$ cat query_3.cif   # mmCIF, C-alpha atoms
data_structure
#
loop_
_atom_site.label_atom_id
_atom_site.label_comp_id
_atom_site.auth_asym_id
_atom_site.auth_seq_id
_atom_site.Cartn_x
_atom_site.Cartn_y
_atom_site.Cartn_z
CA MET A 1 137.87 166.11 9.18
CA LYS A 2 138.82 163.86 12.09
CA LEU A 3 135.32 162.47 12.74
CA LYS A 4 133.86 162.16 9.25
CA ASP A 5 130.79 159.88 9.13
CA GLN A 6 130.82 159.30 12.90
CA VAL A 7 127.85 159.88 15.21
CA ALA A 8 128.24 161.54 18.61
CA ILE A 9 125.82 161.88 21.49
CA VAL A 10 126.59 164.85 23.72
CA ALA A 11 124.67 164.37 26.97
CA GLY A 12 124.33 167.85 28.40
CA GLY A 13 125.04 169.43 25.04
CA ALA A 14 122.82 172.50 25.35
CA ASN A 15 125.09 174.78 27.36
CA GLY A 16 128.67 175.49 28.37
CA VAL A 17 131.17 172.73 27.69
CA GLY A 18 128.47 170.54 26.14
CA LYS A 19 127.52 173.25 23.67
CA ALA A 20 131.16 173.87 22.71
CA THR A 21 131.72 170.12 22.36
CA SER A 22 128.66 169.67 20.15
CA LYS A 23 129.80 172.42 17.80
CA LEU A 24 133.44 171.33 17.61
CA LEU A 25 132.67 167.66 16.95
CA ALA A 26 130.22 168.72 14.25
CA GLN A 27 132.88 170.87 12.61
CA GLU A 28 135.09 167.78 12.53
CA GLY A 29 132.46 165.83 10.60
CA ALA A 30 130.43 164.09 13.29
CA LYS A 31 126.64 163.95 13.23
CA ILE A 32 125.50 165.25 16.60
CA MET A 33 122.66 164.21 18.88
CA ILE A 34 122.29 166.89 21.54
CA ALA A 35 120.69 165.20 24.55
CA ASP A 36 119.59 167.57 27.28
CA LEU A 37 116.77 168.38 29.66
CA ASP A 38 117.03 171.99 28.44
CA ILE A 39 115.51 171.21 25.06
CA GLU A 40 115.03 174.89 24.19
CA ASN A 41 118.75 175.64 24.29
CA ALA A 42 119.54 172.25 22.77
CA SER A 43 117.43 173.21 19.76
CA LYS A 44 119.26 176.54 19.47
CA VAL A 45 122.62 174.75 19.43
CA ALA A 46 121.34 172.28 16.83
CA ASP A 47 120.15 175.18 14.67
CA GLU A 48 123.57 176.83 14.93
CA ILE A 49 125.25 173.60 13.85
CA LYS A 50 122.89 173.15 10.92
CA ALA A 51 123.42 176.78 9.89
CA MET A 52 127.13 175.95 9.59
CA GLY A 53 126.27 173.13 7.20
CA TYR A 54 126.55 170.17 9.56
CA GLU A 55 124.05 167.60 10.88
CA ALA A 56 122.48 167.78 14.33
CA ALA A 57 119.35 166.63 16.12
CA THR A 58 118.02 166.89 19.67
CA VAL A 59 116.37 164.67 22.23
CA LYS A 60 115.02 165.71 25.61
CA VAL A 61 116.48 163.55 28.35
CA ASP A 62 116.80 163.60 32.11
CA VAL A 63 119.96 161.53 32.51
CA ARG A 64 118.93 160.56 36.05
CA LYS A 65 116.18 158.41 34.54
CA GLU A 66 117.35 155.18 32.95
CA GLU A 67 114.39 154.86 30.60
CA GLU A 68 114.97 158.33 29.21
CA ALA A 69 118.63 157.48 28.62
CA LYS A 70 117.54 154.39 26.72
CA GLU A 71 115.20 156.52 24.62
CA MET A 72 118.14 158.84 23.91
CA ALA A 73 120.05 155.91 22.42
CA ARG A 74 117.03 154.68 20.46
CA ALA A 75 116.38 158.15 19.03
CA THR A 76 120.01 158.43 17.93
CA LEU A 77 119.96 155.04 16.22
CA ASP A 78 116.65 155.84 14.53
CA ARG A 79 118.01 159.14 13.23
CA PHE A 80 121.62 158.29 12.39
CA GLY A 81 121.89 154.48 12.43
CA GLN A 82 124.90 154.19 14.72
CA ILE A 83 126.62 155.59 17.82
CA ASP A 84 130.38 156.10 17.75
CA ILE A 85 130.92 158.63 20.54
CA LEU A 86 129.28 159.37 23.87
CA ALA A 87 130.36 162.52 25.71
CA ASN A 88 128.93 162.49 29.24
CA VAL A 89 128.96 166.22 29.97
CA ALA A 90 125.67 166.43 31.91
CA GLY A 91 125.89 166.97 35.67
CA GLY A 92 127.37 169.60 37.93
CA SER A 93 126.39 171.24 41.20
CA THR A 94 122.63 171.41 40.80
CA GLY A 95 119.47 172.15 42.70
CA ARG A 96 119.81 173.64 46.17
CA PHE A 97 123.52 174.31 45.75
CA ILE A 98 122.78 176.82 43.00
CA ARG A 99 119.92 178.48 44.88
CA ASP A 100 121.71 178.67 48.23
CA ARG A 101 125.47 179.22 47.92
CA SER A 102 125.89 178.92 51.71
CA ARG A 103 125.28 175.16 51.33
CA LEU A 104 128.64 174.89 49.55
CA THR A 105 130.57 174.97 52.84
CA VAL A 106 128.25 172.96 55.07
CA PRO A 107 130.29 170.28 56.92
CA PHE A 108 129.44 166.61 56.50
CA ALA A 109 128.20 166.50 60.11
CA GLU A 110 125.38 168.85 59.07
CA SER A 111 124.74 167.30 55.65
CA ILE A 112 121.37 166.19 54.36
CA LYS A 113 120.89 162.81 52.67
CA GLU A 114 118.59 164.37 50.08
CA GLU A 115 121.49 166.48 48.83
CA TRP A 116 123.84 163.49 48.80
CA ASP A 117 121.34 161.48 46.75
CA GLN A 118 120.75 164.39 44.38
CA MET A 119 124.44 164.83 43.63
CA ILE A 120 125.11 161.12 43.13
CA ASP A 121 122.04 160.85 40.91
CA SER A 122 122.89 163.84 38.72
CA ASN A 123 126.60 163.19 38.32
CA LEU A 124 127.34 159.48 38.79
CA ASN A 125 124.07 157.72 38.06
CA GLY A 126 123.40 159.99 35.10
CA ALA A 127 126.70 159.04 33.50
CA ARG A 128 125.99 155.40 34.30
CA ASN A 129 122.56 155.53 32.66
CA CYS A 130 123.77 157.14 29.43
CA THR A 131 126.71 154.76 29.15
CA ARG A 132 124.59 151.70 29.86
CA ALA A 133 122.20 152.81 27.12
CA VAL A 134 124.87 152.79 24.39
CA VAL A 135 127.45 150.24 25.51
CA ASN A 136 125.89 147.10 24.02
CA HIS A 137 125.63 148.80 20.62
CA MET A 138 129.31 149.71 20.82
CA ILE A 139 130.26 146.19 21.90
CA GLU A 140 128.36 144.72 18.95
CA ARG A 141 130.21 147.06 16.58
CA ARG A 142 133.51 146.52 18.42
CA SER A 143 134.12 150.23 18.28
CA GLY A 144 133.35 153.34 20.29
CA LYS A 145 134.62 156.21 22.39
CA ILE A 146 133.19 157.22 25.77
CA ILE A 147 134.18 160.40 27.59
CA PHE A 148 133.35 161.18 31.20
CA PHE A 149 133.71 164.47 33.05
CA SER A 150 134.94 164.59 36.63
CA SER A 151 136.03 167.70 38.57
CA ILE A 152 139.15 169.00 40.27
CA ALA A 153 137.05 168.79 43.46
CA ALA A 154 137.43 165.01 43.25
CA LEU A 155 141.21 165.31 43.47
CA GLN A 156 141.50 168.22 45.89
CA GLY A 157 138.60 167.39 48.18
CA GLY A 158 136.57 170.49 47.37
CA ASN A 159 133.14 171.32 48.72
CA PRO A 160 130.36 170.38 48.58
CA ILE A 161 131.44 166.94 49.73
CA GLU A 162 128.59 165.23 47.86
CA TYR A 163 129.81 166.68 44.57
CA ALA A 164 133.45 165.73 45.17
CA VAL A 165 132.47 162.16 46.04
CA ALA A 166 130.25 161.80 42.95
CA LYS A 167 133.02 163.10 40.69
CA ALA A 168 135.60 160.83 42.33
CA GLY A 169 133.29 157.96 41.47
CA ILE A 170 133.43 159.04 37.83
CA ILE A 171 137.22 158.60 37.80
CA ALA A 172 136.94 155.09 39.23
CA PHE A 173 134.12 154.27 36.80
CA THR A 174 136.34 155.38 33.92
CA ARG A 175 139.27 153.19 34.91
CA VAL A 176 137.26 150.04 35.57
CA LEU A 177 135.09 150.40 32.47
CA ALA A 178 138.12 151.12 30.28
CA ARG A 179 139.70 147.80 31.28
CA GLU A 180 136.47 145.94 30.59
CA LEU A 181 135.77 147.48 27.19
CA ALA A 182 139.26 147.77 25.70
CA ALA A 183 139.01 144.26 24.27
CA TYR A 184 136.02 145.41 22.20
CA GLY A 185 137.86 148.35 20.67
CA ILE A 186 136.07 150.86 22.90
CA ARG A 187 138.15 153.67 24.38
CA VAL A 188 137.02 155.15 27.70
CA ASN A 189 138.63 158.26 29.17
CA CYS A 190 137.87 161.03 31.65
CA ILE A 191 138.44 164.78 31.64
CA THR A 192 138.83 166.60 34.96
CA PRO A 193 138.41 170.36 34.65
CA GLY A 194 138.98 173.06 37.22
CA GLY A 195 136.75 176.08 36.96
CA VAL A 196 135.18 176.61 33.53
CA ALA A 197 133.74 179.84 32.17
CA SER A 198 130.27 178.42 31.59
CA GLU A 199 127.18 180.59 31.71
CA ARG A 200 126.29 179.19 35.13
CA MET A 201 129.77 179.74 36.59
CA LEU A 202 129.98 183.32 35.29
CA GLU A 203 126.56 184.14 36.68
CA GLY A 204 127.60 182.73 40.07
CA ILE A 205 130.72 184.91 40.11
CA LYS A 206 128.65 187.96 39.21
CA VAL A 207 126.19 187.31 42.05
CA ARG A 208 128.78 186.46 44.72
CA MET A 209 131.13 189.35 43.87
CA ALA A 210 128.57 191.94 42.83
CA ASN A 211 130.29 194.73 44.79
CA ASP A 212 133.85 193.93 43.71
CA PRO A 213 134.50 194.22 39.95
CA GLN A 214 138.22 193.54 40.40
CA ALA A 215 137.51 190.28 42.22
CA GLN A 216 135.10 189.32 39.44
CA GLU A 217 137.77 189.89 36.82
CA ALA A 218 140.37 187.95 38.80
CA ALA A 219 137.99 185.02 39.23
CA ARG A 220 137.09 184.98 35.53
CA SER A 221 140.76 185.03 34.54
CA ARG A 222 141.34 181.72 36.34
CA LEU A 223 138.64 179.90 34.40
CA ALA A 224 139.15 177.70 31.35
CA GLN A 225 137.03 178.44 28.29
CA PRO A 226 134.46 175.80 27.31
CA GLU A 227 136.20 175.49 23.95
CA GLU A 228 139.37 174.28 25.69
CA LEU A 229 137.47 171.38 27.21
CA ALA A 230 135.79 170.67 23.88
CA SER A 231 139.23 170.48 22.26
CA THR A 232 140.25 167.92 24.87
CA VAL A 233 137.19 165.83 24.02
CA LEU A 234 138.10 165.97 20.34
CA PHE A 235 141.68 164.95 21.11
CA LEU A 236 140.51 161.89 23.06
CA VAL A 237 137.91 160.70 20.54
CA SER A 238 140.09 161.18 17.47
CA ASP A 239 142.05 158.32 15.96
CA ASP A 240 145.28 160.17 16.72
CA VAL A 241 145.36 158.78 20.28
CA THR A 242 144.21 155.17 20.10
CA HIS A 243 146.45 154.13 23.00
CA ILE A 244 145.11 156.63 25.51
CA ILE A 245 142.65 154.44 27.40
CA GLY A 246 141.38 154.65 30.98
CA GLU A 247 143.14 157.95 31.63
CA ASN A 248 142.06 160.98 33.62
CA ILE A 249 143.16 164.14 31.80
CA VAL A 250 143.32 167.11 34.18
CA VAL A 251 142.56 170.48 32.53
CA ALA A 252 142.86 172.83 35.49
CA GLY A 253 145.76 175.19 34.91
CA ALA A 254 148.18 174.93 37.84
CA ARG A 255 145.52 173.67 40.25
CA GLY A 256 145.71 169.96 39.34
#
$ encode --input "query_3.cif" --output "structure tokens"
Amino acid sequence: MKLKDQVAIVAGGANGVGKATSKLLAQEGAKIMIADLDIENASKVADEIKAMGYEAATVKVDVRKEEEAKEMARATLDRFGQIDILANVAGGSTGRFIRDRSRLTVPFAESIKEEWDQMIDSNLNGARNCTRAVVNHMIERRSGKIIFFSSIAALQGGNPIEYAVAKAGIIAFTRVLARELAAYGIRVNCITPGGVASERMLEGIKVRMANDPQAQEAARSRLAQPEELASTVLFLVSDDVTHIIGENIVVAGARG
């Protein structure tokens, strides 16, 4: 087991990549705290992990709220006594962009500040809050691994612009923080996926291409499986790669 006796927080661990990450890190020996606003699904994932014979717990957290992120860290320390890994999976295109797909191609000249703030809050500030909540503990222990998730939209300039900008900020955050924390034995890295076959993505494809089964199949074939991203997380937090620090690992097929 690569992570025996380690403790991992998976922020956004109830679904998709977060769910796959929670289960894979548990299988490698880590004790898992699944931190998610969707506490119902988080509890289901924790039950699946425990049914496999591993340790898991849950905490309800809205990563946009700093106090809730702090409570996430406190709950993990109370339950497991330490924090070795933080996987910042929470985020994504949320709110109005899910309800109204036409907003995905709205030009900046017609953008709404509310949507800008929402995207920055969910994707950049959320990662900041979770990281800030655990970083002093890691510094004191002079050990830790922090993983961020960006998006291929940050590199290719994809819409919506608010999402691409927030995810580009994640890459910069990774590189600056990695330099600052390396002296304390803390490794910080970023994963940048293309499309991922999460529940939300598959549902979006089904809705948008309802009258074209062939187009649905073609779209699904271009998506990475959540387990592939989870494997990349495991690679980066294992002790096999102690000199990969401050890097942005693109997992996007030929689209990177």
$ resolve_selection --input "query_3.cif" --expression "the PyMOL selection byres ((chain A and resi 6) around 8)" --output "ChimeraX atom specification"
/A:3-5,7-8,29-31,83-85
$ write_last_selection --input "query_3.cif" --atoms "C-alpha atoms" --output "compact mmCIF listing (two decimals), keeping the file's coordinate frame"
# COMPACT_ATOMS: atom_id res chain seq x y z
CA LEU A 3 135.32 162.47 12.74
CA LYS A 4 133.86 162.16 9.25
CA ASP A 5 130.79 159.88 9.13
CA VAL A 7 127.85 159.88 15.21
CA ALA A 8 128.24 161.54 18.61
CA GLY A 29 132.46 165.83 10.60
CA ALA A 30 130.43 164.09 13.29
CA LYS A 31 126.64 163.95 13.23
CA ILE A 83 126.62 155.59 17.82
CA ASP A 84 130.38 156.10 17.75
CA ILE A 85 130.92 158.63 20.54
$ closest_atom_pairs --input "query_3.cif" --of "segment 103-194 of chain A" --to "segment 38-62 of chain A" --cutoff "12 Å" --atoms "all atoms listed in the file" --output "JSON lines"
{"residue": "A:Asp121", "atom": "CA", "partner": "A:Asp62", "partner_atom": "CA", "distance": 10.6}
{"residue": "A:Ser122", "atom": "CA", "partner": "A:Asp62", "partner_atom": "CA", "distance": 9.0}
{"residue": "A:Asn123", "atom": "CA", "partner": "A:Asp62", "partner_atom": "CA", "distance": 11.6}
{"residue": "A:Asn125", "atom": "CA", "partner": "A:Asp62", "partner_atom": "CA", "distance": 11.1}
{"residue": "A:Gly126", "atom": "CA", "partner": "A:Asp62", "partner_atom": "CA", "distance": 8.1}
{"residue": "A:Ala127", "atom": "CA", "partner": "A:Asp62", "partner_atom": "CA", "distance": 11.0}
{"residue": "A:Asn129", "atom": "CA", "partner": "A:Asp62", "partner_atom": "CA", "distance": 9.9}
{"residue": "A:Cys130", "atom": "CA", "partner": "A:Val61", "partner_atom": "CA", "distance": 9.8}
$ closest_residue --input "query_3.cif" --among "A:Ile161, A:Ile244, A:Leu77, A:Ala252" --to "Lys113 of chain A" --atoms "only C-alpha atoms"
A:Ile161
$ closest_residue --input "query_3.cif" --among "A:Cys190, A:Leu37, A:Leu86, A:Leu24" --to "Ile9 of chain A" --atoms "all atoms listed in the file"
A:Leu86
$ atom_distance --input "query_3.cif" --atom1 "atom CA of Val233 of chain A" --atom2 "atom CA of Ala26 of chain A"
12.3 Å
$ closest_residue --input "query_3.cif" --among "A:Leu234, A:Ile245, A:Ala75, A:Leu155" --to "Glu28 of chain A" --atoms "all atoms listed in the file"
A:Leu234
$ closest_residue --input "query_3.cif" --among "A:Gly144, A:Met33, A:Thr105, A:Gln156" --to "Thr76 of chain A" --atoms "all atoms listed in the file"
A:Met33
$ atom_distance --input "query_3.cif" --atom1 "atom CA of Met138 of chain A" --atom2 "atom CA of Gly92 of chain A"
26.3 Å
$ atom_distance --input "query_3.cif" --atom1 "atom CA of Asn88 of chain A" --atom2 "atom CA of Pro107 of chain A"
28.8 Å
$ closest_residue --input "query_3.cif" --among "A:Ser231, A:Ser111, A:Thr174, A:Asn159" --to "Gly246 of chain A" --atoms "all atoms listed in the file"
A:Thr174
$ closest_residue --input "query_3.cif" --among "A:Phe108, A:Val89, A:Glu180, A:Lys145" --to "Ser238 of chain A" --atoms "all atoms listed in the file"
A:Lys145
$ resolve_selection --input "query_3.cif" --expression "the PyMOL selection byres ((chain A and resi 141) around 10)" --output "PDB file with C-alpha atoms, keeping the file's coordinate frame"
ATOM      1  CA  GLN A  82     124.900 154.190  14.720  1.00  0.00           C
ATOM      2  CA  ILE A  83     126.620 155.590  17.820  1.00  0.00           C
ATOM      3  CA  ASP A  84     130.380 156.100  17.750  1.00  0.00           C
ATOM      4  CA  VAL A 135     127.450 150.240  25.510  1.00  0.00           C
ATOM      5  CA  ASN A 136     125.890 147.100  24.020  1.00  0.00           C
ATOM      6  CA  HIS A 137     125.630 148.800  20.620  1.00  0.00           C
ATOM      7  CA  MET A 138     129.310 149.710  20.820  1.00  0.00           C
ATOM      8  CA  ILE A 139     130.260 146.190  21.900  1.00  0.00           C
ATOM      9  CA  GLU A 140     128.360 144.720  18.950  1.00  0.00           C
ATOM     10  CA  ARG A 142     133.510 146.520  18.420  1.00  0.00           C
ATOM     11  CA  SER A 143     134.120 150.230  18.280  1.00  0.00           C
ATOM     12  CA  GLY A 144     133.350 153.340  20.290  1.00  0.00           C
ATOM     13  CA  TYR A 184     136.020 145.410  22.200  1.00  0.00           C
ATOM     14  CA  GLY A 185     137.860 148.350  20.670  1.00  0.00           C
ATOM     15  CA  ILE A 186     136.070 150.860  22.900  1.00  0.00           C
TER      16      ILE A 186
END
$ axis_aligned_box --input "query_3.cif" --around "segment 10-27 of chain A" --padding-each-side "5 Å" --output "JSON"
{"center_x": 128.1, "center_y": 169.9, "center_z": 20.5, "size_x": 20.6, "size_y": 21.1, "size_z": 25.8}
$ resolve_selection --input "query_3.cif" --expression "the PyMOL selection byres ((chain A and resi 193) around 10)" --output "ChimeraX atom specification"
/A:149-153,190-192,194-196,223-224,226,228-229,249-253,255-256
$ residues_around --input "query_3.cif" --residues "Gly13 of chain A" --least-positions-apart "3" --cutoff "7 Å" --atoms "only C-alpha atoms" --output "NGL selection string"
:A and (10 or 18-19 or 22 or 34-36 or 42)
